[in-house]
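Contents: one structure, followed by commentary.
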Protein chains: 2
Amino acid sequence: MRFDPSTFRWEGVEPRAYKDDPGSARGMAWRGVSRQTLVRAPFELRYFEIAPGGFSSLEKHAHVQVVVAARGRGRALIGSDVVDLAPMDVVETPPWAPHRWVTVGDAPFGFLCTVEAERDRPQPLSDAEWEALLGDPRKAPFAF
Amino acid sequence: MRFDPSTFRWEGVEPRAYKDDPGSARGMAWRGVSRQTLVRAPFELRYFEIAPGGFSSLEKHAHVQVVVAARGRGRALIGSDVVDLAPMDVVETPPWAPHRWVTVGDAPFGFLCTVEAERDRPQPLSDAEWEALLGDPRKAPFAF
C-alpha cells in the first residue's frame, strides 16, 4: 500500500471512526480519533490518528497492543507509567494494563498499532483502578 | 522503547545479524542486513536494516509478513510483483510468495516487519520457481 505523506493515508484504505460507540461508560469517551486498518492476518495492523485536543478511551483488555508512534507527539497512560511518544518510539500495553492515548500540541498524533486478530473487547476500569488513578497526580489527568 | 533518530536504534535493543546462516542454498545469500527485534508477543515486531548494496535472502514460507518501510528506499520481489518502497509504504508477503528485499541508492533501507511468533522456517525456491524468475526480465535481477 503506497503511503501519501501529504494526506498521511495509505492507498485504498479509507479512514474510519475509531469506534462506533461514542463511549458512555466511565472513561470510555473519546474525541477526534480516526482509524485505518492496514492489514488483517493472524494479527492486524492499524493506523490511528488523534486530532489536536483528542484522546482515546481509557480502557483495559487481555490482549497486548504494540504501538509505533508515526506522526506528531503523544502522551499515554499505560498501567503504572505515563510516557511521551515521538515518531518511531515503540511501546507495548501489557495484558489488562489500563491505557489511554492523548495528543500533545497542535499537530495530529498518529501511531501504528498491532493486535491479534482474535482478541477480547476493551473494558472500562474498575472502581478500584479508577480511584487509584485519581490518587496519583501523574495519572489523575487521564481519569475523565 | 525510545527511538534515537541519530542512530536509528531503539533504546535497549541490540542490533544483530539478520541470520546466523550466511546462506549457502541457492538464492539464500544475503549481505549487509541487520535486525532489531522490538517486540515478542503472539506476534513479533522486528526492525531490519539493509546497507547500501545489500539484500536479504530470496525465500518463501507459509507465514505472512507485514512490512512498513521506515527509512531510505527499497525494492522487493514479492511473488509476481516487483515493488518500490518509500517510508511508511506497507506491503504484505502472502503465504509461499517468494520474496527478497534490496536497498536502492546510497542510504540504508530500513523497515518494520511483523510476523507470528510461532512460524515456519524460510525455504529456498524450487527449481520451477527459480526458472520462472529467470524467464521474466523484471524478476530475473532478483534471482542470484
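In the C-alpha cells, the first chain shown is A, the next is B, and so on; residue numbers restart at 1 for each chain, and ligands run from 1 in the order shown.
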Q: Tell me, as JSON, numbers by chain, which residues lie within 6 Å of stretch 36-49 of chain B, counting only C-alpha atoms; anything in the same chain fewer than 5 positions away does not count.
A: {"B": [15, 109, 110, 111, 112, 113, 114, 115, 116, 117]}
Could you save the residues just selected, with all heavy atoms, as a PDB file, in the first residue's frame?
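Result saved to result.pdb:
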ATOM      1  N   PRO B  15      21.203  -4.323  17.880  1.00  0.00           N
ATOM      2  CA  PRO B  15      21.105  -4.855  16.516  1.00  0.00           C
ATOM      3  C   PRO B  15      21.909  -6.149  16.401  1.00  0.00           C
ATOM      4  O   PRO B  15      22.997  -6.262  16.973  1.00  0.00           O
ATOM      5  CB  PRO B  15      21.746  -3.756  15.652  1.00  0.00           C
ATOM      6  CG  PRO B  15      21.687  -2.529  16.478  1.00  0.00           C
ATOM      7  CD  PRO B  15      21.804  -2.978  17.904  1.00  0.00           C
ATOM      8  N   PHE B 109      18.306   1.014   3.736  1.00  0.00           N
ATOM      9  CA  PHE B 109      16.858   0.792   3.645  1.00  0.00           C
ATOM     10  C   PHE B 109      16.415   0.067   4.915  1.00  0.00           C
ATOM     11  O   PHE B 109      16.884  -1.041   5.203  1.00  0.00           O
ATOM     12  CB  PHE B 109      16.533  -0.058   2.412  1.00  0.00           C
ATOM     13  CG  PHE B 109      15.099  -0.519   2.336  1.00  0.00           C
ATOM     14  CD1 PHE B 109      14.053   0.388   2.440  1.00  0.00           C
ATOM     15  CD2 PHE B 109      14.791  -1.859   2.157  1.00  0.00           C
ATOM     16  CE1 PHE B 109      12.724  -0.033   2.378  1.00  0.00           C
ATOM     17  CE2 PHE B 109      13.470  -2.299   2.091  1.00  0.00           C
ATOM     18  CZ  PHE B 109      12.429  -1.379   2.206  1.00  0.00           C
ATOM     19  N   GLY B 110      15.536   0.712   5.692  1.00  0.00           N
ATOM     20  CA  GLY B 110      15.064   0.122   6.944  1.00  0.00           C
ATOM     21  C   GLY B 110      13.573  -0.114   6.913  1.00  0.00           C
ATOM     22  O   GLY B 110      12.834   0.695   6.348  1.00  0.00           O
ATOM     23  N   PHE B 111      13.127  -1.203   7.522  1.00  0.00           N
ATOM     24  CA  PHE B 111      11.689  -1.482   7.553  1.00  0.00           C
ATOM     25  C   PHE B 111      11.307  -2.261   8.803  1.00  0.00           C
ATOM     26  O   PHE B 111      12.096  -3.033   9.342  1.00  0.00           O
ATOM     27  CB  PHE B 111      11.231  -2.231   6.294  1.00  0.00           C
ATOM     28  CG  PHE B 111      11.906  -3.544   6.028  1.00  0.00           C
ATOM     29  CD1 PHE B 111      11.388  -4.726   6.541  1.00  0.00           C
ATOM     30  CD2 PHE B 111      13.048  -3.621   5.250  1.00  0.00           C
ATOM     31  CE1 PHE B 111      12.002  -5.951   6.287  1.00  0.00           C
ATOM     32  CE2 PHE B 111      13.678  -4.837   4.979  1.00  0.00           C
ATOM     33  CZ  PHE B 111      13.152  -6.001   5.501  1.00  0.00           C
ATOM     34  N   LEU B 112      10.088  -1.997   9.276  1.00  0.00           N
ATOM     35  CA  LEU B 112       9.482  -2.770  10.359  1.00  0.00           C
ATOM     36  C   LEU B 112       8.811  -3.983   9.750  1.00  0.00           C
ATOM     37  O   LEU B 112       8.184  -3.893   8.689  1.00  0.00           O
ATOM     38  CB  LEU B 112       8.445  -1.919  11.090  1.00  0.00           C
ATOM     39  CG  LEU B 112       8.994  -0.684  11.788  1.00  0.00           C
ATOM     40  CD1 LEU B 112       7.870   0.295  12.126  1.00  0.00           C
ATOM     41  CD2 LEU B 112       9.743  -1.081  13.057  1.00  0.00           C
ATOM     42  N   CYS B 113       8.896  -5.127  10.423  1.00  0.00           N
ATOM     43  CA  CYS B 113       8.341  -6.373   9.881  1.00  0.00           C
ATOM     44  C   CYS B 113       7.668  -7.149  11.011  1.00  0.00           C
ATOM     45  O   CYS B 113       8.322  -7.478  12.012  1.00  0.00           O
ATOM     46  CB  CYS B 113       9.447  -7.198   9.241  1.00  0.00           C
ATOM     47  SG  CYS B 113       8.878  -8.792   8.613  1.00  0.00           S
ATOM     48  N   THR B 114       6.382  -7.421  10.864  1.00  0.00           N
ATOM     49  CA  THR B 114       5.623  -8.174  11.860  1.00  0.00           C
ATOM     50  C   THR B 114       5.331  -9.573  11.338  1.00  0.00           C
ATOM     51  O   THR B 114       4.948  -9.747  10.180  1.00  0.00           O
ATOM     52  CB  THR B 114       4.298  -7.463  12.187  1.00  0.00           C
ATOM     53  OG1 THR B 114       4.573  -6.111  12.558  1.00  0.00           O
ATOM     54  CG2 THR B 114       3.574  -8.146  13.339  1.00  0.00           C
ATOM     55  N   VAL B 115       5.542 -10.567  12.208  1.00  0.00           N
ATOM     56  CA  VAL B 115       5.265 -11.971  11.884  1.00  0.00           C
ATOM     57  C   VAL B 115       4.642 -12.641  13.105  1.00  0.00           C
ATOM     58  O   VAL B 115       4.783 -12.151  14.226  1.00  0.00           O
ATOM     59  CB  VAL B 115       6.550 -12.752  11.506  1.00  0.00           C
ATOM     60  CG1 VAL B 115       7.109 -12.281  10.177  1.00  0.00           C
ATOM     61  CG2 VAL B 115       7.595 -12.640  12.603  1.00  0.00           C
ATOM     62  N   GLU B 116       3.981 -13.764  12.897  1.00  0.00           N
ATOM     63  CA  GLU B 116       3.526 -14.584  14.022  1.00  0.00           C
ATOM     64  C   GLU B 116       4.738 -15.076  14.810  1.00  0.00           C
ATOM     65  O   GLU B 116       5.771 -15.408  14.214  1.00  0.00           O
ATOM     66  CB  GLU B 116       2.768 -15.811  13.527  1.00  0.00           C
ATOM     67  CG  GLU B 116       1.484 -15.500  12.820  1.00  0.00           C
ATOM     68  CD  GLU B 116       0.956 -16.758  12.133  1.00  0.00           C
ATOM     69  OE1 GLU B 116       0.211 -17.506  12.777  1.00  0.00           O
ATOM     70  OE2 GLU B 116       1.310 -16.972  10.963  1.00  0.00           O
ATOM     71  N   ALA B 117       4.601 -15.171  16.128  1.00  0.00           N
ATOM     72  CA  ALA B 117       5.711 -15.660  16.945  1.00  0.00           C
ATOM     73  C   ALA B 117       6.024 -17.123  16.603  1.00  0.00           C
ATOM     74  O   ALA B 117       7.186 -17.517  16.530  1.00  0.00           O
ATOM     75  CB  ALA B 117       5.382 -15.496  18.424  1.00  0.00           C
TER      76      ALA B 117
END
Q) Using only C-alpha atoms, which chain B residues lie at most 7 Å away from chain A, written as a list in words? A)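 Within 7 Å of chain A on chain B, we get Met1, Arg2, Phe3, Met88, Asp89, Val90 and Val91 of chain B.
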Residues as selected, all heavy atoms, written as a tab-separated table (two decimals), in the first residue's frame, can you do that?
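The resulting file, result.tsv, is reproduced below:
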chain	number	residue	atom	x	y	z
B	1	MET	N	9.82	1.84	24.03
B	1	MET	CA	11.24	1.94	23.71
B	1	MET	C	11.50	3.23	22.97
B	1	MET	O	10.93	3.48	21.92
B	1	MET	CB	11.66	0.77	22.80
B	1	MET	CG	11.92	-0.50	23.56
B	1	MET	SD	12.08	-1.86	22.41
B	1	MET	CE	10.36	-2.01	21.92
B	2	ARG	N	12.35	4.03	23.54
B	2	ARG	CA	12.65	5.33	22.95
B	2	ARG	C	13.45	5.13	21.67
B	2	ARG	O	14.35	4.30	21.61
B	2	ARG	CB	13.46	6.14	23.98
B	2	ARG	CG	13.67	7.57	23.60
B	2	ARG	CD	12.40	8.35	23.49
B	2	ARG	NE	11.63	8.34	24.74
B	2	ARG	CZ	10.36	8.72	24.82
B	2	ARG	NH1	9.72	9.12	23.74
B	2	ARG	NH2	9.73	8.67	25.96
B	3	PHE	N	13.06	5.88	20.65
B	3	PHE	CA	13.75	5.82	19.36
B	3	PHE	C	14.77	6.94	19.26
B	3	PHE	O	14.46	8.08	19.59
B	3	PHE	CB	12.72	5.94	18.23
B	3	PHE	CG	13.33	5.97	16.87
B	3	PHE	CD1	13.92	4.83	16.34
B	3	PHE	CD2	13.32	7.13	16.11
B	3	PHE	CE1	14.49	4.85	15.08
B	3	PHE	CE2	13.88	7.16	14.85
B	3	PHE	CZ	14.47	6.01	14.33
B	88	MET	N	6.91	4.50	5.18
B	88	MET	CA	5.51	4.35	5.54
B	88	MET	C	4.70	3.55	4.51
B	88	MET	O	3.53	3.29	4.74
B	88	MET	CB	4.83	5.69	5.84
B	88	MET	CG	5.45	6.43	7.02
B	88	MET	SD	5.38	5.47	8.56
B	88	MET	CE	3.70	5.76	9.07
B	89	ASP	N	5.28	3.19	3.38
B	89	ASP	CA	4.59	2.25	2.49
B	89	ASP	C	4.44	0.92	3.22
B	89	ASP	O	5.32	0.53	4.01
B	89	ASP	CB	5.39	2.03	1.21
B	89	ASP	CG	5.31	3.22	0.24
B	89	ASP	OD1	4.39	4.04	0.38
B	89	ASP	OD2	6.17	3.31	-0.65
B	90	VAL	N	3.32	0.25	2.98
B	90	VAL	CA	3.01	-1.02	3.64
B	90	VAL	C	2.88	-2.11	2.59
B	90	VAL	O	2.25	-1.89	1.56
B	90	VAL	CB	1.69	-0.92	4.43
B	90	VAL	CG1	1.30	-2.27	5.03
B	90	VAL	CG2	1.80	0.13	5.53
B	91	VAL	N	3.48	-3.26	2.84
B	91	VAL	CA	3.33	-4.37	1.90
B	91	VAL	C	3.29	-5.68	2.69
B	91	VAL	O	3.89	-5.79	3.77
B	91	VAL	CB	4.47	-4.36	0.85
B	91	VAL	CG1	5.81	-4.69	1.47
B	91	VAL	CG2	4.15	-5.30	-0.30
Matching every Cα in sequence order between the two identical chains, what are the coordinates of chain B once fitted onto chain A? Write them as a PDB file with C-alpha atoms, in the first residue's frame.
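In the end it all went to part.pdb:
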ATOM      1  CA  MET B   1       0.029  -0.023   0.029  1.00  0.00           C
ATOM      2  CA  ARG B   2       1.524   3.214  -1.134  1.00  0.00           C
ATOM      3  CA  PHE B   3       1.809   5.877   1.540  1.00  0.00           C
ATOM      4  CA  ASP B   4       0.925   9.491   0.709  1.00  0.00           C
ATOM      5  CA  PRO B   5       2.753  11.810   3.134  1.00  0.00           C
ATOM      6  CA  SER B   6       0.648  14.818   2.095  1.00  0.00           C
ATOM      7  CA  THR B   7      -2.540  13.208   3.460  1.00  0.00           C
ATOM      8  CA  PHE B   8      -1.004  10.614   5.815  1.00  0.00           C
ATOM      9  CA  ARG B   9      -3.154   7.992   4.113  1.00  0.00           C
ATOM     10  CA  TRP B  10      -2.408   4.612   2.575  1.00  0.00           C
ATOM     11  CA  GLU B  11      -3.712   3.927  -0.938  1.00  0.00           C
ATOM     12  CA  GLY B  12      -7.072   2.151  -0.965  1.00  0.00           C
ATOM     13  CA  VAL B  13      -7.576   2.444   2.801  1.00  0.00           C
ATOM     14  CA  GLU B  14     -10.504   4.508   3.986  1.00  0.00           C
ATOM     15  CA  PRO B  15     -10.102   6.174   7.387  1.00  0.00           C
ATOM     16  CA  ARG B  16     -12.961   5.267   9.695  1.00  0.00           C
ATOM     17  CA  ALA B  17     -14.148   6.399  13.088  1.00  0.00           C
ATOM     18  CA  TYR B  18     -12.112   4.916  15.929  1.00  0.00           C
ATOM     19  CA  LYS B  19     -15.212   3.220  17.407  1.00  0.00           C
ATOM     20  CA  ASP B  20     -18.914   3.087  16.562  1.00  0.00           C
ATOM     21  CA  ASP B  21     -19.722   3.555  20.220  1.00  0.00           C
ATOM     22  CA  PRO B  22     -19.227   7.132  21.434  1.00  0.00           C
ATOM     23  CA  GLY B  23     -18.422   5.651  24.858  1.00  0.00           C
ATOM     24  CA  SER B  24     -20.949   6.196  27.624  1.00  0.00           C
ATOM     25  CA  ALA B  25     -19.254   4.097  30.347  1.00  0.00           C
ATOM     26  CA  ARG B  26     -16.892   5.917  32.671  1.00  0.00           C
ATOM     27  CA  GLY B  27     -13.665   6.866  30.938  1.00  0.00           C
ATOM     28  CA  MET B  28     -14.746   5.326  27.645  1.00  0.00           C
ATOM     29  CA  ALA B  29     -15.311   8.717  26.000  1.00  0.00           C
ATOM     30  CA  TRP B  30     -13.075   9.626  23.068  1.00  0.00           C
ATOM     31  CA  ARG B  31     -12.673  12.546  20.713  1.00  0.00           C
ATOM     32  CA  GLY B  32     -11.099  13.193  17.323  1.00  0.00           C
ATOM     33  CA  VAL B  33      -9.731   9.700  16.685  1.00  0.00           C
ATOM     34  CA  SER B  34      -9.611   8.036  13.256  1.00  0.00           C
ATOM     35  CA  ARG B  35      -8.558   4.514  12.325  1.00  0.00           C
ATOM     36  CA  GLN B  36      -7.037   2.938   9.213  1.00  0.00           C
ATOM     37  CA  THR B  37      -6.846  -0.855   9.219  1.00  0.00           C
ATOM     38  CA  LEU B  38      -3.799  -1.673   7.101  1.00  0.00           C
ATOM     39  CA  VAL B  39      -3.580  -5.434   7.429  1.00  0.00           C
ATOM     40  CA  ARG B  40      -5.695  -8.299   8.748  1.00  0.00           C
ATOM     41  CA  ALA B  41      -3.737 -11.512   9.244  1.00  0.00           C
ATOM     42  CA  PRO B  42      -3.283 -13.650  12.397  1.00  0.00           C
ATOM     43  CA  PHE B  43      -2.597 -10.121  13.602  1.00  0.00           C
ATOM     44  CA  GLU B  44      -3.959  -6.772  12.440  1.00  0.00           C
ATOM     45  CA  LEU B  45      -1.993  -3.647  11.722  1.00  0.00           C
ATOM     46  CA  ARG B  46      -3.987  -0.462  12.144  1.00  0.00           C
ATOM     47  CA  TYR B  47      -3.115   3.219  11.953  1.00  0.00           C
ATOM     48  CA  PHE B  48      -4.776   5.516  14.463  1.00  0.00           C
ATOM     49  CA  GLU B  49      -4.706   9.269  14.322  1.00  0.00           C
ATOM     50  CA  ILE B  50      -5.820  11.542  17.136  1.00  0.00           C
ATOM     51  CA  ALA B  51      -6.624  15.169  16.363  1.00  0.00           C
ATOM     52  CA  PRO B  52      -5.182  18.019  18.454  1.00  0.00           C
ATOM     53  CA  GLY B  53      -7.146  18.067  21.707  1.00  0.00           C
ATOM     54  CA  GLY B  54      -8.264  14.483  21.089  1.00  0.00           C
ATOM     55  CA  PHE B  55      -7.939  11.330  23.171  1.00  0.00           C
ATOM     56  CA  SER B  56      -8.787   7.634  23.022  1.00  0.00           C
ATOM     57  CA  SER B  57     -10.886   5.699  25.527  1.00  0.00           C
ATOM     58  CA  LEU B  58      -9.418   4.814  28.898  1.00  0.00           C
ATOM     59  CA  GLU B  59      -9.664   1.019  28.745  1.00  0.00           C
ATOM     60  CA  LYS B  60      -8.124  -2.364  29.511  1.00  0.00           C
ATOM     61  CA  HIS B  61      -8.159  -5.811  27.864  1.00  0.00           C
ATOM     62  CA  ALA B  62      -6.357  -9.145  27.895  1.00  0.00           C
ATOM     63  CA  HIS B  63      -4.723  -8.713  24.507  1.00  0.00           C
ATOM     64  CA  VAL B  64      -1.386  -6.994  24.011  1.00  0.00           C
ATOM     65  CA  GLN B  65      -1.065  -3.942  21.778  1.00  0.00           C
ATOM     66  CA  VAL B  66       2.199  -2.913  20.155  1.00  0.00           C
ATOM     67  CA  VAL B  67       2.363   0.739  19.199  1.00  0.00           C
ATOM     68  CA  VAL B  68       4.874   2.521  16.962  1.00  0.00           C
ATOM     69  CA  ALA B  69       4.485   6.302  17.011  1.00  0.00           C
ATOM     70  CA  ALA B  70       4.472   7.727  13.495  1.00  0.00           C
ATOM     71  CA  ARG B  71       3.465  11.387  13.467  1.00  0.00           C
ATOM     72  CA  GLY B  72       3.264  14.302  15.890  1.00  0.00           C
ATOM     73  CA  ARG B  73       3.579  13.967  19.645  1.00  0.00           C
ATOM     74  CA  GLY B  74       1.532  11.934  22.083  1.00  0.00           C
ATOM     75  CA  ARG B  75       1.321  11.022  25.727  1.00  0.00           C
ATOM     76  CA  ALA B  76      -0.035   7.809  27.172  1.00  0.00           C
ATOM     77  CA  LEU B  77      -1.072   6.320  30.430  1.00  0.00           C
ATOM     78  CA  ILE B  78      -0.051   2.647  30.287  1.00  0.00           C
ATOM     79  CA  GLY B  79      -0.584   0.786  33.545  1.00  0.00           C
ATOM     80  CA  SER B  80       1.676   2.457  36.098  1.00  0.00           C
ATOM     81  CA  ASP B  81       3.537   4.581  33.542  1.00  0.00           C
ATOM     82  CA  VAL B  82       2.970   7.871  31.799  1.00  0.00           C
ATOM     83  CA  VAL B  83       5.026   8.016  28.594  1.00  0.00           C
ATOM     84  CA  ASP B  84       5.700  10.690  26.000  1.00  0.00           C
ATOM     85  CA  LEU B  85       5.855   9.472  22.435  1.00  0.00           C
ATOM     86  CA  ALA B  86       7.655  10.794  19.355  1.00  0.00           C
ATOM     87  CA  PRO B  87       7.830   9.207  15.892  1.00  0.00           C
ATOM     88  CA  MET B  88       9.306   5.679  15.854  1.00  0.00           C
ATOM     89  CA  ASP B  89       9.107   5.250  19.629  1.00  0.00           C
ATOM     90  CA  VAL B  90       7.734   1.787  20.439  1.00  0.00           C
ATOM     91  CA  VAL B  91       5.554   0.897  23.405  1.00  0.00           C
ATOM     92  CA  GLU B  92       3.594  -2.201  24.424  1.00  0.00           C
ATOM     93  CA  THR B  93       0.413  -2.254  26.502  1.00  0.00           C
ATOM     94  CA  PRO B  94       0.657  -5.366  28.724  1.00  0.00           C
ATOM     95  CA  PRO B  95      -2.411  -7.544  29.379  1.00  0.00           C
ATOM     96  CA  TRP B  96      -4.994  -5.682  31.474  1.00  0.00           C
ATOM     97  CA  ALA B  97      -2.935  -2.506  31.780  1.00  0.00           C
ATOM     98  CA  PRO B  98      -5.320   0.476  31.672  1.00  0.00           C
ATOM     99  CA  HIS B  99      -4.284   2.773  28.840  1.00  0.00           C
ATOM    100  CA  ARG B 100      -5.301   5.988  27.120  1.00  0.00           C
ATOM    101  CA  TRP B 101      -3.598   7.958  24.328  1.00  0.00           C
ATOM    102  CA  VAL B 102      -3.772  11.741  24.065  1.00  0.00           C
ATOM    103  CA  THR B 103      -2.358  14.215  21.576  1.00  0.00           C
ATOM    104  CA  VAL B 104       0.252  16.710  22.766  1.00  0.00           C
ATOM    105  CA  GLY B 105       0.483  20.025  20.911  1.00  0.00           C
ATOM    106  CA  ASP B 106      -1.202  21.371  17.813  1.00  0.00           C
ATOM    107  CA  ALA B 107      -0.448  18.572  15.316  1.00  0.00           C
ATOM    108  CA  PRO B 108      -2.262  15.237  14.974  1.00  0.00           C
ATOM    109  CA  PHE B 109      -0.697  12.318  16.840  1.00  0.00           C
ATOM    110  CA  GLY B 110      -0.559   9.205  14.640  1.00  0.00           C
ATOM    111  CA  PHE B 111       0.577   5.701  15.516  1.00  0.00           C
ATOM    112  CA  LEU B 112       0.678   2.178  14.108  1.00  0.00           C
ATOM    113  CA  CYS B 113      -0.905  -0.429  16.390  1.00  0.00           C
ATOM    114  CA  THR B 114      -0.636  -4.217  16.035  1.00  0.00           C
ATOM    115  CA  VAL B 115      -2.999  -6.627  17.812  1.00  0.00           C
ATOM    116  CA  GLU B 116      -4.003 -10.276  17.492  1.00  0.00           C
ATOM    117  CA  ALA B 117      -6.851 -10.716  15.007  1.00  0.00           C
ATOM    118  CA  GLU B 118      -8.798 -12.754  17.583  1.00  0.00           C
ATOM    119  CA  ARG B 119      -8.978 -10.675  20.743  1.00  0.00           C
ATOM    120  CA  ASP B 120     -11.173  -9.685  23.650  1.00  0.00           C
ATOM    121  CA  ARG B 121     -13.194  -6.484  23.807  1.00  0.00           C
ATOM    122  CA  PRO B 122     -11.947  -3.398  25.676  1.00  0.00           C
ATOM    123  CA  GLN B 123     -13.481  -2.791  29.099  1.00  0.00           C
ATOM    124  CA  PRO B 124     -13.791   0.265  31.318  1.00  0.00           C
ATOM    125  CA  LEU B 125     -11.761   0.402  34.509  1.00  0.00           C
ATOM    126  CA  SER B 126     -12.974  -0.989  37.837  1.00  0.00           C
ATOM    127  CA  ASP B 127     -13.821   1.324  40.716  1.00  0.00           C
ATOM    128  CA  ALA B 128     -10.541   0.425  42.431  1.00  0.00           C
ATOM    129  CA  GLU B 129      -8.510   1.165  39.310  1.00  0.00           C
ATOM    130  CA  TRP B 130     -10.295   4.472  38.846  1.00  0.00           C
ATOM    131  CA  GLU B 131      -9.680   5.538  42.444  1.00  0.00           C
ATOM    132  CA  ALA B 132      -6.019   4.596  42.161  1.00  0.00           C
ATOM    133  CA  LEU B 133      -5.657   6.883  39.152  1.00  0.00           C
ATOM    134  CA  LEU B 134      -7.305   9.781  40.944  1.00  0.00           C
ATOM    135  CA  GLY B 135      -4.951   9.301  43.889  1.00  0.00           C
ATOM    136  CA  ASP B 136      -1.826   9.764  41.760  1.00  0.00           C
ATOM    137  CA  PRO B 137      -1.163  13.300  40.464  1.00  0.00           C
ATOM    138  CA  ARG B 138       0.684  11.989  37.392  1.00  0.00           C
ATOM    139  CA  LYS B 139      -2.142   9.676  36.396  1.00  0.00           C
ATOM    140  CA  ALA B 140      -5.159  11.693  37.515  1.00  0.00           C
ATOM    141  CA  PRO B 141      -5.198  13.800  34.311  1.00  0.00           C
ATOM    142  CA  PHE B 142      -6.041  10.596  32.386  1.00  0.00           C
ATOM    143  CA  ALA B 143      -9.122   9.792  34.514  1.00  0.00           C
ATOM    144  CA  PHE B 144     -11.991  11.548  32.782  1.00  0.00           C
TER     145      PHE B 144
END
(Q) Residues of chain B classed as helix (DSSP H, G or I) by DSSP on the backbone are to be reported as a PyMOL selection string. (A) chain B and resi 127-134+140-142
Please identify which residues in stretch 29-82 of chain B DSSP calls strand (DSSP E) from the backbone, and express them as an mmCIF file with C-alpha atoms, in the first residue's frame.
data_model
loop_
_atom_site.group_PDB
_atom_site.id
_atom_site.type_symbol
_atom_site.label_atom_id
_atom_site.label_comp_id
_atom_site.auth_asym_id
_atom_site.auth_seq_id
_atom_site.Cartn_x
_atom_site.Cartn_y
_atom_site.Cartn_z
ATOM 1 C CA ARG B 31 24.610 -9.068 2.560
ATOM 2 C CA GLY B 32 24.632 -6.079 4.894
ATOM 3 C CA VAL B 33 21.406 -6.829 6.766
ATOM 4 C CA SER B 34 20.866 -6.131 10.476
ATOM 5 C CA ARG B 35 17.898 -6.980 12.679
ATOM 6 C CA GLN B 36 16.375 -5.413 15.795
ATOM 7 C CA THR B 37 13.637 -7.436 17.479
ATOM 8 C CA LEU B 38 11.369 -4.843 19.084
ATOM 9 C CA VAL B 39 8.567 -6.974 20.468
ATOM 10 C CA ARG B 40 7.815 -10.651 21.047
ATOM 11 C CA PHE B 43 3.427 -11.762 17.049
ATOM 12 C CA GLU B 44 6.911 -10.270 16.803
ATOM 13 C CA LEU B 45 7.826 -6.822 15.613
ATOM 14 C CA ARG B 46 11.323 -6.578 14.193
ATOM 15 C CA TYR B 47 13.278 -3.806 12.509
ATOM 16 C CA PHE B 48 15.514 -4.786 9.616
ATOM 17 C CA GLU B 49 18.070 -2.546 8.015
ATOM 18 C CA ILE B 50 19.846 -3.303 4.760
ATOM 19 C CA ALA B 51 23.053 -1.448 3.938
ATOM 20 C CA PRO B 52 23.583 0.208 0.540
ATOM 21 C CA GLY B 53 24.339 -2.594 -1.915
ATOM 22 C CA GLY B 54 22.783 -5.112 0.475
ATOM 23 C CA PHE B 55 19.974 -7.623 0.040
ATOM 24 C CA GLN B 65 4.963 -10.923 6.835
ATOM 25 C CA VAL B 66 3.712 -7.360 7.127
ATOM 26 C CA VAL B 67 6.296 -4.742 6.261
ATOM 27 C CA VAL B 68 6.213 -0.990 6.893
ATOM 28 C CA ALA B 69 9.072 0.863 5.205
ATOM 29 C CA ALA B 70 10.762 3.261 7.611
ATOM 30 C CA ARG B 71 13.985 4.656 6.170
ATOM 31 C CA ARG B 73 14.440 3.388 -0.390
ATOM 32 C CA GLY B 74 13.987 -0.279 -1.174
ATOM 33 C CA ARG B 75 12.779 -2.598 -3.879
ATOM 34 C CA ALA B 76 11.232 -6.007 -3.400
ATOM 35 C CA LEU B 77 10.281 -9.045 -5.344
ATOM 36 C CA ILE B 78 7.075 -10.360 -3.751
ATOM 37 C CA ASP B 81 5.244 -8.279 -8.170
ATOM 38 C CA VAL B 82 8.247 -6.012 -8.042
#
